[in-house]
Every structure is written in structure tokens, then in C-alpha cells.
$ cat query_31.cif   # mmCIF, C-alpha atoms and all ligand atoms
data_query
#
loop_
_atom_site.label_atom_id
_atom_site.label_comp_id
_atom_site.auth_asym_id
_atom_site.auth_seq_id
_atom_site.Cartn_x
_atom_site.Cartn_y
_atom_site.Cartn_z
CA MET A 1 55.24 54.98 24.58
CA ASN A 2 53.32 53.92 21.49
CA LYS A 3 51.61 50.53 21.52
CA ARG A 4 53.02 47.92 19.16
CA ILE A 5 50.69 46.38 16.59
CA LEU A 6 51.48 43.57 14.19
CA ILE A 7 49.64 43.49 10.85
CA ILE A 8 49.60 40.03 9.29
CA THR A 9 48.69 40.01 5.61
CA THR A 10 47.05 37.07 3.84
CA GLY A 11 45.94 38.63 0.52
CA GLY A 12 42.46 39.60 -0.70
CA THR A 13 41.17 42.66 -2.53
CA ILE A 14 42.82 44.97 0.02
CA ALA A 15 46.13 43.95 -1.63
CA MET A 16 44.81 44.29 -5.19
CA ARG A 17 44.56 46.91 -7.95
CA GLU A 18 42.70 46.93 -11.25
CA THR A 19 44.00 47.31 -14.79
CA GLN A 20 41.88 47.17 -17.92
CA GLN A 21 43.74 44.19 -19.35
CA SER A 22 43.98 41.97 -16.29
CA GLY A 23 40.95 42.88 -14.15
CA VAL A 24 41.45 43.05 -10.38
CA VAL A 25 44.75 41.36 -9.47
CA PHE A 26 47.41 41.53 -6.77
CA GLY A 27 49.58 44.67 -6.92
CA GLU A 28 48.92 46.71 -3.78
CA SER A 29 50.81 46.33 -0.53
CA VAL A 30 49.50 46.91 2.95
CA SER A 31 52.75 48.72 3.84
CA HIS A 32 52.03 51.19 1.02
CA ILE A 33 48.55 51.77 2.50
CA ILE A 34 50.10 52.40 5.94
CA ASP A 35 52.69 54.81 4.45
CA ASN A 36 49.82 56.86 3.10
CA LEU A 37 48.14 57.05 6.50
CA PRO A 38 50.53 59.35 8.43
CA GLU A 39 48.18 59.57 11.43
CA VAL A 40 48.79 55.86 12.06
CA HIS A 41 52.35 56.49 13.22
CA LYS A 42 51.11 58.85 15.94
CA LEU A 43 48.81 56.10 17.19
CA ALA A 44 51.02 53.00 17.19
CA ASP A 45 54.25 51.36 16.06
CA ILE A 46 53.33 49.03 13.25
CA ASP A 47 55.16 45.97 11.92
CA ILE A 48 53.87 44.05 8.91
CA LYS A 49 54.43 40.35 8.21
CA GLN A 50 53.07 38.33 5.31
CA PHE A 51 51.51 34.97 6.11
CA CYS A 52 50.38 34.30 2.54
CA ASN A 53 49.19 36.30 -0.46
CA ILE A 54 46.10 34.63 -1.87
CA PRO A 55 42.55 35.49 -2.89
CA SER A 56 40.48 34.22 0.00
CA PRO A 57 38.57 31.62 -2.08
CA TYR A 58 41.96 29.79 -2.02
CA MET A 59 42.00 29.73 1.79
CA THR A 60 41.67 26.27 3.35
CA PRO A 61 40.74 25.25 6.91
CA GLN A 62 44.26 23.84 7.38
CA LYS A 63 45.77 27.21 6.37
CA MET A 64 43.34 28.97 8.71
CA PHE A 65 44.51 26.77 11.57
CA GLU A 66 48.17 27.43 10.70
CA LEU A 67 47.37 31.15 10.70
CA SER A 68 45.96 30.76 14.21
CA GLN A 69 49.21 29.13 15.37
CA PHE A 70 51.24 31.83 13.59
CA VAL A 71 49.30 34.59 15.38
CA ASP A 72 49.85 32.92 18.76
CA GLU A 73 53.61 32.75 18.12
CA GLN A 74 53.99 36.25 16.71
CA ILE A 75 51.69 38.25 18.99
CA GLN A 76 53.86 37.73 22.08
CA GLU A 77 55.97 40.81 21.30
CA TYR A 78 52.98 43.00 20.42
CA ASP A 79 49.98 44.60 22.11
CA GLY A 80 47.58 43.36 19.45
CA CYS A 81 47.30 42.05 15.95
CA ILE A 82 45.42 42.91 12.74
CA ILE A 83 44.90 40.39 9.97
CA THR A 84 44.11 41.56 6.45
CA HIS A 85 42.14 38.98 4.47
CA GLY A 86 39.88 38.61 1.45
CA THR A 87 36.25 39.15 2.31
CA ASP A 88 34.93 35.95 0.69
CA THR A 89 36.04 33.52 3.41
CA LEU A 90 36.99 36.04 6.10
CA GLU A 91 34.19 34.99 8.42
CA GLU A 92 35.39 31.36 8.45
CA THR A 93 39.03 32.27 9.12
CA ALA A 94 38.03 34.75 11.82
CA TYR A 95 35.88 32.10 13.53
CA MET A 96 38.66 29.48 13.29
CA LEU A 97 40.92 31.90 15.16
CA ASP A 98 38.17 32.84 17.60
CA LEU A 99 37.86 29.18 18.62
CA THR A 100 41.52 28.18 18.62
CA LEU A 101 43.69 31.18 19.57
CA ARG A 102 45.29 30.98 22.98
CA THR A 103 46.24 34.65 23.26
CA ARG A 104 43.92 37.01 25.09
CA LYS A 105 45.30 40.05 23.26
CA THR A 106 43.04 41.79 20.78
CA VAL A 107 42.97 40.29 17.28
CA VAL A 108 41.07 42.15 14.55
CA PHE A 109 40.35 41.11 10.97
CA THR A 110 39.88 43.70 8.27
CA ALA A 111 39.58 43.72 4.49
CA ALA A 112 38.38 45.77 1.56
CA MET A 113 35.51 45.45 -0.87
CA ARG A 114 37.20 47.82 -3.34
CA SER A 115 40.66 47.45 -4.81
CA SER A 116 43.21 50.26 -4.33
CA THR A 117 42.45 51.78 -7.74
CA ASP A 118 38.67 51.80 -7.27
CA LEU A 119 36.75 55.02 -6.62
CA GLY A 120 35.93 55.34 -2.91
CA VAL A 121 38.49 52.70 -1.89
CA ASP A 122 37.68 51.35 1.59
CA GLY A 123 40.90 49.50 2.54
CA PRO A 124 42.81 52.43 4.14
CA ARG A 125 39.84 53.50 6.25
CA ASN A 126 39.24 49.91 7.35
CA ILE A 127 42.88 49.50 8.37
CA LEU A 128 42.72 52.72 10.37
CA GLY A 129 39.49 51.51 12.02
CA ALA A 130 41.13 48.19 12.85
CA ILE A 131 44.14 49.95 14.43
CA ARG A 132 41.92 52.16 16.54
CA THR A 133 39.93 49.10 17.61
CA VAL A 134 43.07 47.25 18.70
CA LEU A 135 44.12 50.32 20.69
CA SER A 136 40.80 50.56 22.55
CA GLU A 137 40.99 49.09 26.06
CA GLN A 138 37.36 48.03 25.63
CA SER A 139 38.26 45.61 22.86
CA ILE A 140 39.99 43.30 25.34
CA ASP A 141 38.26 39.95 25.93
CA LYS A 142 35.68 40.39 23.18
CA GLY A 143 37.04 37.50 21.11
CA VAL A 144 38.24 37.91 17.54
CA LEU A 145 36.75 41.03 15.98
CA VAL A 146 35.96 42.05 12.40
CA VAL A 147 36.21 45.75 11.57
CA MET A 148 34.84 47.01 8.26
CA ASN A 149 32.94 50.13 7.28
CA ASP A 150 33.43 51.70 10.75
CA GLU A 151 31.58 48.80 12.41
CA ILE A 152 32.92 46.20 14.85
CA ASN A 153 31.40 42.73 14.72
CA ASN A 154 32.38 39.54 16.50
CA ALA A 155 33.75 36.61 14.52
CA ARG A 156 31.09 34.13 15.65
CA ASP A 157 28.11 36.10 14.40
CA VAL A 158 29.38 38.11 11.45
CA THR A 159 28.71 37.17 7.84
CA LYS A 160 29.26 38.69 4.41
CA THR A 161 25.81 39.77 3.25
CA ASN A 162 26.44 41.75 0.08
CA THR A 163 28.60 40.85 -2.92
CA SER A 164 29.72 44.41 -3.67
CA ASN A 165 28.62 46.97 -1.10
CA VAL A 166 31.09 48.24 1.53
CA GLU A 167 28.34 47.67 4.13
CA THR A 168 28.62 43.91 3.78
CA PHE A 169 29.69 42.46 7.15
CA ILE A 170 26.65 42.20 9.39
CA SER A 171 25.70 40.05 12.40
CA PRO A 172 22.11 39.03 11.52
CA GLY A 173 19.74 39.05 14.45
CA TYR A 174 22.34 40.50 16.82
CA GLY A 175 23.85 43.63 15.29
CA TYR A 176 27.30 45.06 15.63
CA LEU A 177 29.25 45.21 18.89
CA GLY A 178 30.34 48.76 18.33
CA ILE A 179 31.45 51.48 15.98
CA VAL A 180 34.64 53.30 15.15
CA ASP A 181 33.67 56.98 15.12
CA ILE A 182 35.93 59.94 14.30
CA ASP A 183 36.61 60.76 17.95
CA LYS A 184 36.48 57.32 19.63
CA VAL A 185 35.61 53.64 19.52
CA ILE A 186 32.21 53.00 21.09
CA TYR A 187 30.94 49.56 22.14
CA VAL A 188 27.17 49.16 22.43
CA ARG A 189 26.96 45.47 23.42
CA ASN A 190 29.11 42.55 24.50
CA ASN A 191 29.29 39.06 23.04
CA LEU A 192 28.60 36.64 25.85
CA ILE A 193 29.25 33.38 23.99
CA LYS A 194 33.02 32.99 24.19
CA GLU A 195 34.07 29.52 23.28
CA LYS A 196 37.62 28.16 23.19
CA ILE A 197 38.66 24.78 21.84
CA TRP A 198 42.42 24.41 22.11
CA THR A 199 43.66 21.69 19.83
CA ASP A 200 46.92 20.70 18.15
CA LYS A 201 45.23 19.72 14.92
CA ILE A 202 41.93 19.92 13.05
CA GLU A 203 40.03 17.38 10.95
CA PRO A 204 39.36 19.01 7.55
CA LYS A 205 37.18 16.20 6.19
CA VAL A 206 33.87 17.80 7.15
CA ASP A 207 31.18 18.49 4.55
CA LEU A 208 28.40 21.05 4.52
CA ILE A 209 25.14 20.03 2.84
CA LYS A 210 22.30 22.47 2.25
CA ALA A 211 18.69 21.27 2.25
CA VAL A 212 16.54 22.22 -0.74
CA ALA A 213 12.94 21.28 -1.48
CA GLY A 214 12.61 17.78 -2.86
CA MET A 215 16.18 16.72 -2.15
CA ASP A 216 17.08 13.11 -1.57
CA ASP A 217 20.08 11.56 0.16
CA ARG A 218 22.57 11.44 -2.73
CA TYR A 219 24.83 14.16 -1.30
CA LEU A 220 24.81 12.59 2.13
CA ASN A 221 25.62 9.15 0.76
CA ASN A 222 28.37 10.57 -1.47
CA SER A 223 29.94 12.24 1.56
CA LEU A 224 29.79 9.04 3.57
CA ASP A 225 31.20 6.97 0.70
CA SER A 226 34.08 9.41 0.25
CA GLY A 227 35.35 8.98 3.81
CA VAL A 228 34.02 12.14 5.45
CA LYS A 229 34.55 12.42 9.22
CA GLY A 230 31.69 14.77 10.03
CA ILE A 231 28.74 16.43 8.29
CA VAL A 232 26.91 19.70 8.84
CA ILE A 233 23.43 19.94 7.33
CA GLU A 234 21.78 23.31 6.77
CA ALA A 235 18.21 22.12 7.27
CA PHE A 236 14.94 23.98 6.75
CA GLY A 237 13.62 26.54 9.23
CA ARG A 238 13.61 25.35 12.85
CA GLY A 239 15.61 22.27 11.81
CA ASN A 240 13.64 19.87 9.60
CA LEU A 241 14.49 17.65 6.63
CA PRO A 242 12.66 15.54 4.02
CA CYS A 243 12.01 12.09 5.51
CA VAL A 244 13.81 10.43 2.58
CA MET A 245 17.08 11.58 4.18
CA LEU A 246 16.49 9.65 7.41
CA HIS A 247 17.97 6.42 6.15
CA SER A 248 21.35 7.94 5.28
CA ILE A 249 21.38 9.99 8.49
CA LYS A 250 20.95 6.76 10.46
CA ARG A 251 23.70 5.26 8.33
CA ALA A 252 26.06 8.12 9.24
CA ILE A 253 25.32 7.78 12.94
CA SER A 254 25.90 4.02 12.82
CA MET A 255 29.31 4.81 11.25
CA ASN A 256 30.10 7.13 14.21
CA ILE A 257 30.01 10.19 11.92
CA PRO A 258 28.61 13.21 13.78
CA ILE A 259 25.78 15.04 12.01
CA ILE A 260 25.30 18.65 13.11
CA MET A 261 22.05 20.27 12.03
CA VAL A 262 21.80 24.05 11.68
CA SER A 263 19.29 26.14 9.77
CA ARG A 264 19.52 27.48 6.24
CA ALA A 265 17.47 30.45 7.50
CA TYR A 266 19.94 33.25 8.09
CA GLN A 267 19.10 33.88 11.71
CA GLY A 268 17.69 32.03 14.73
CA ARG A 269 18.24 28.68 16.45
CA VAL A 270 17.27 25.17 15.47
CA LEU A 271 15.16 23.27 18.03
CA ASP A 272 13.49 19.86 18.38
CA ILE A 273 9.96 21.17 17.89
CA TYR A 274 8.51 19.06 15.10
CA GLY A 275 7.78 15.40 15.80
CA TYR A 276 6.96 14.19 12.25
CA GLU A 277 9.45 11.94 10.46
CA GLY A 278 12.29 14.23 9.40
CA GLY A 279 11.20 16.90 11.90
CA GLY A 280 13.73 18.21 14.41
CA ARG A 281 12.50 16.02 17.27
CA SER A 282 12.73 12.80 15.27
CA LEU A 283 16.20 13.79 14.07
CA LYS A 284 17.41 14.54 17.57
CA ASN A 285 15.97 11.24 18.77
CA ILE A 286 18.09 9.28 16.31
CA GLY A 287 21.27 11.15 17.33
CA VAL A 288 21.49 14.28 15.18
CA ILE A 289 23.18 17.11 17.10
CA LEU A 290 21.35 20.45 17.01
CA GLY A 291 23.78 23.27 16.14
CA SER A 292 21.97 26.13 17.89
CA ASP A 293 22.27 29.49 16.08
CA LEU A 294 25.49 28.93 14.13
CA ARG A 295 25.29 29.25 10.35
CA GLY A 296 26.50 26.33 8.22
CA PRO A 297 30.04 27.48 7.29
CA LYS A 298 30.83 28.35 10.93
CA ALA A 299 29.34 25.09 12.25
CA ARG A 300 31.61 23.27 9.78
CA ILE A 301 34.69 25.07 11.12
CA LYS A 302 33.68 24.26 14.70
CA LEU A 303 33.16 20.58 13.88
CA MET A 304 36.61 20.42 12.22
CA VAL A 305 38.17 21.86 15.35
CA LEU A 306 36.24 19.49 17.63
CA LEU A 307 37.12 16.44 15.54
CA GLY A 308 40.79 17.44 15.75
CA LYS A 309 40.54 17.01 19.50
CA TYR A 310 37.74 14.56 20.31
CA LYS A 311 36.77 11.21 18.82
CA SER A 312 33.46 10.31 20.46
CA ILE A 313 30.14 11.76 19.36
CA ASP A 314 29.12 12.19 23.01
CA GLU A 315 32.12 14.44 23.72
CA ILE A 316 31.39 16.45 20.57
CA ARG A 317 27.69 16.79 21.47
CA GLU A 318 28.56 18.65 24.67
CA PHE A 319 29.78 21.66 22.65
CA TRP A 320 26.42 22.32 20.97
CA ALA A 321 24.15 23.12 23.88
N1 LIG B 1 37.59 37.74 -3.89
C1 LIG B 1 38.20 38.58 -2.88
C2 LIG B 1 38.79 37.71 -1.79
O1 LIG B 1 38.04 37.26 -0.94
C3 LIG B 1 37.19 39.51 -2.34
C4 LIG B 1 37.68 40.50 -1.32
O2 LIG B 1 38.77 40.44 -0.79
O3 LIG B 1 36.86 41.37 -1.02
O4 LIG B 1 39.97 37.50 -1.77
#

$ encode --input "query_31.cif" --output "C-alpha cells" --more "lines below"
Ligand code: ASP
Amino acid sequence: MNKRILIITTGGTIAMRETQQSGVVFGESVSHIIDNLPEVHKLADIDIKQFCNIPSPYMTPQKMFELSQFVDEQIQEYDGCIITHGTDTLEETAYMLDLTLRTRKTVVFTAAMRSSTDLGVDGPRNILGAIRTVLSEQSIDKGVLVVMNDEINNARDVTKTNTSNVETFISPGYGYLGIVDIDKVIYVRNNLIKEKIWTDKIEPKVDLIKAVAGMDDRYLNNSLDSGVKGIVIEAFGRGNLPCVMLHSIKRAISMNIPIIMVSRAYQGRVLDIYGYEGGGRSLKNIGVILGSDLRGPKARIKLMVLLGKYKSIDEIREFWA
């Protein structure tokens, strides 16, 4: 008996075509793509449901969380699920689901860099790769996966690295988990960090602030004044900031607002190495939480999920070892 796969569509370029007058706009359907892939029906029984139909810059954390709940409800009757999504915010949605999904069945995100009318369109091949990944027994218990360009990455590590190339989703510093080759799906490594935070709600009021040379604390103060509930700072290198930001960081901590520090470098961990004012050690000493090797947008998603469940900074700190 064929396995049953549910494809949930959310929009993105995979559902778009281009005309000269309008540019790239919605006009392609994932069911049309599937109809043109006859081999799919030998592999699995496919149902398609639309969750939303938006360009992914319109995606919000609240919608991502609702998508996670939708997947948990819908997947019960299926062996696995594929989510089609725009590439721009795919990594954030995939990570939201990675953290919050309760199902242990395989969930794979896929997308397209090229619209259906573009030369060398990648959507159909990516959908086929995603289906074959869901069908692989080895995909079980690997967390939420992202399949693009014949490569399988895990949601926690993957990021969009190129604005136009089909080889865009990469896991810097770690590499892909596996590949989808013509004859089979091959895994070459496992992802050992599997984190679950089951919550009934999230707290979307979390800002991400990126450090740049010579910055002061205007952004931080603006965030605090606007009622933010948590802040992620992408600091320099190993996790250091200009000392002029210390005052507002202390202000945030006195207001019980968690500050998570990650690095603006695109790979590696932050650590409390530097003891000068504004260095990682001084920041940790005043209560800043070091965000390990997560990149800023993912750390923001994680903090939203944590703040949906926990209120005290000490409870939240435990999740950033
Ligand atoms: N702007 C598009 C989106 O994220 C890009 C894509 O899907 O590749 O919806």
C-alpha cells in the first residue's frame, strides 16, 4: 500500500509565475506541479491542503505557530507532511515547527527559487525530493527538514545564503544532513541537538538588534520603550558589544526583559571570553544570556516560544546552555 503524504501550501515563488506586465506573481498551483510529476503517484498517495497563500515576507511568527498547530492536527491521518513555503522566511517557519511540533512523523519544508515560468524551474524537482525524503525511513526523528536542490538540511542550522541561486539553503559550519540522489536518499550525518518546547502560545513581542561599529543604545532603548518582552542582540564575533550599550542592557535586565546574545558572524558560538566592559564576560556577569550557535532570526523565534511558556529569566536561561 502506498504511503499517504499531505502537502500543505503556504505560498511563495513555488506557487508563482511571471508575466511581462506584472512581474512574478501568484498563478501556479502545487496540485498542477504534482499532476505533471506522474512518478509521484507510484511513490505515494498525495493530498494537498492550503494553509495560506502569501509571499513569505508576509509570514508572521503567530502564523508560523498556527501552522505548527495545523500540521499537528492534520498529520494524524498521514505518514508524513510536506510544507511548501517562500524561501525568504522559510528558515524561521521551519525552526518554529521544529521547536513546537508534537508529532514525531517526518515534516519537510520545500520551496522554489524560480517561478514556474522561469527557465530551469526548480519547484517540481524540489517537491519530488521532499516526497522521497518523507518516504525514507531514515528521515524519522531528524526533526523538521528542509529539502532544496537535492540537499537535506535540518531546520535549526539551515539558512538562505544566496538571493537568486538554487543552491541557497546551506547549514554554515555543519553542512547538509544528506542528499536526494536519483536512486536513493542518503544521510551522511545526524543532528544531535533536538529541542522541543511545547507551548499553547508564543510571545511575538521580541526584537532582533544587530550590532554595527559605533552603534549606541538608541535601538535598545526604543525597543524597551515600546513594550518589548524580549530582545536578541546579534553582537560582534565571540559575543561583544560597544560599552555604551551597557547602560540600556542593565535597564532591560532590571525590567525583567531577557537579553539573548548571539553572534552576527555567520557561524560559531558566542562565549564569555572577553573581560573588558562590553566584552562577553562582562555581559554575562550582568545577566545577558549567551545564545550559543543560533543565528539571530532563529534565536528570536526560540525566545518567542520560550516567553509563551515561561515568565522568569532563570527558567528561560536554562534553554541556552
Ligand atoms: N519572495 C519569495 C517568498 O519568500 C521568494 C521565494 O519564495 O523564493 O515568498

$ closest_atom_pairs --input "query_31.cif" --of "chain A" --to "ligand LIG 1 (chain B)" --cutoff "9 Å" --atoms "only C-alpha atoms and all ligand atoms" --output "CSV"
residue,atom,partner,partner_atom,distance
A:Gly11,CA,B:LIG1,O4,6.5
A:Gly12,CA,B:LIG1,O4,3.4
A:Thr13,CA,B:LIG1,O2,3.7
A:Ile14,CA,B:LIG1,O2,6.1
A:Ala15,CA,B:LIG1,O2,8.2
A:Met16,CA,B:LIG1,O2,8.4
A:Ile54,CA,B:LIG1,O4,6.8
A:Pro55,CA,B:LIG1,O4,3.5
A:Ser56,CA,B:LIG1,O4,3.8
A:Pro57,CA,B:LIG1,O1,5.8
A:Tyr58,CA,B:LIG1,O4,8.0
A:Met59,CA,B:LIG1,O4,8.8
A:His85,CA,B:LIG1,O2,6.4
A:Gly86,CA,B:LIG1,O2,3.1
A:Thr87,CA,B:LIG1,O3,4.0
A:Asp88,CA,B:LIG1,O1,3.7
A:Thr89,CA,B:LIG1,O1,6.1
A:Leu90,CA,B:LIG1,O1,7.2
A:Ala111,CA,B:LIG1,O2,6.3
A:Ala112,CA,B:LIG1,O3,5.3
A:Met113,CA,B:LIG1,O3,4.3
A:Arg114,CA,B:LIG1,O3,6.9
A:Ser115,CA,B:LIG1,O3,8.1
A:Thr163,CA,B:LIG1,O3,8.5
A:Ser164,CA,B:LIG1,O3,8.2

$ residues_around --input "query_31.cif" --residues "stretch 252-265 of chain A" --least-positions-apart "6" --cutoff "10 Å" --atoms "only C-alpha atoms" --output "ChimeraX atom specification"
/A:206-212,220-221,223-224,227-241,246,271,280,283-284,286-297,299-300,303,307,311-314,316-317,320

$ closest_residue --input "query_31.cif" --among "A:Asp141, A:Asp79, A:Glu39, A:Glu18" --to "A:Ile127" --atoms "only C-alpha atoms"
A:Glu39

$ closest_residue --input "query_31.cif" --among "A:Thr10, A:Asn191, A:Thr110, A:Thr161" --to "A:Ser29" --atoms "all atoms listed in the file"
A:Thr10

$ residues_around --input "query_31.cif" --residues "A:Lys196" --least-positions-apart "2" --cutoff "7 Å" --atoms "only C-alpha atoms" --output "PyMOL selection string"
chain A and resi 99-100+194+198

$ residues_around --input "query_31.cif" --residues "A:Phe65" --least-positions-apart "4" --cutoff "9 Å" --atoms "all atoms listed in the file" --output "PDB file with C-alpha atoms, keeping the file's coordinate frame"
ATOM      1  CA  THR A  60      41.670  26.270   3.350  1.00  0.00           C
ATOM      2  CA  PRO A  61      40.740  25.250   6.910  1.00  0.00           C
ATOM      3  CA  GLN A  69      49.210  29.130  15.370  1.00  0.00           C
ATOM      4  CA  PHE A  70      51.240  31.830  13.590  1.00  0.00           C
ATOM      5  CA  THR A  93      39.030  32.270   9.120  1.00  0.00           C
ATOM      6  CA  MET A  96      38.660  29.480  13.290  1.00  0.00           C
ATOM      7  CA  LEU A  97      40.920  31.900  15.160  1.00  0.00           C
ATOM      8  CA  THR A 100      41.520  28.180  18.620  1.00  0.00           C
ATOM      9  CA  LYS A 201      45.230  19.720  14.920  1.00  0.00           C
ATOM     10  CA  ILE A 202      41.930  19.920  13.050  1.00  0.00           C
ATOM     11  CA  VAL A 305      38.170  21.860  15.350  1.00  0.00           C
TER      12      VAL A 305
END

$ closest_residue --input "query_31.cif" --among "A:Gly23, A:Val71, A:Ile182, A:Leu192" --to "A:Arg156" --atoms "only C-alpha atoms"
A:Leu192

$ atom_distance --input "query_31.cif" --atom1 "atom CA of A:Gly143" --atom2 "atom CA of A:Leu37"
26.8 Å

$ atom_distance --input "query_31.cif" --atom1 "atom CA of A:Cys81" --atom2 "atom CA of A:Lys105"
7.8 Å
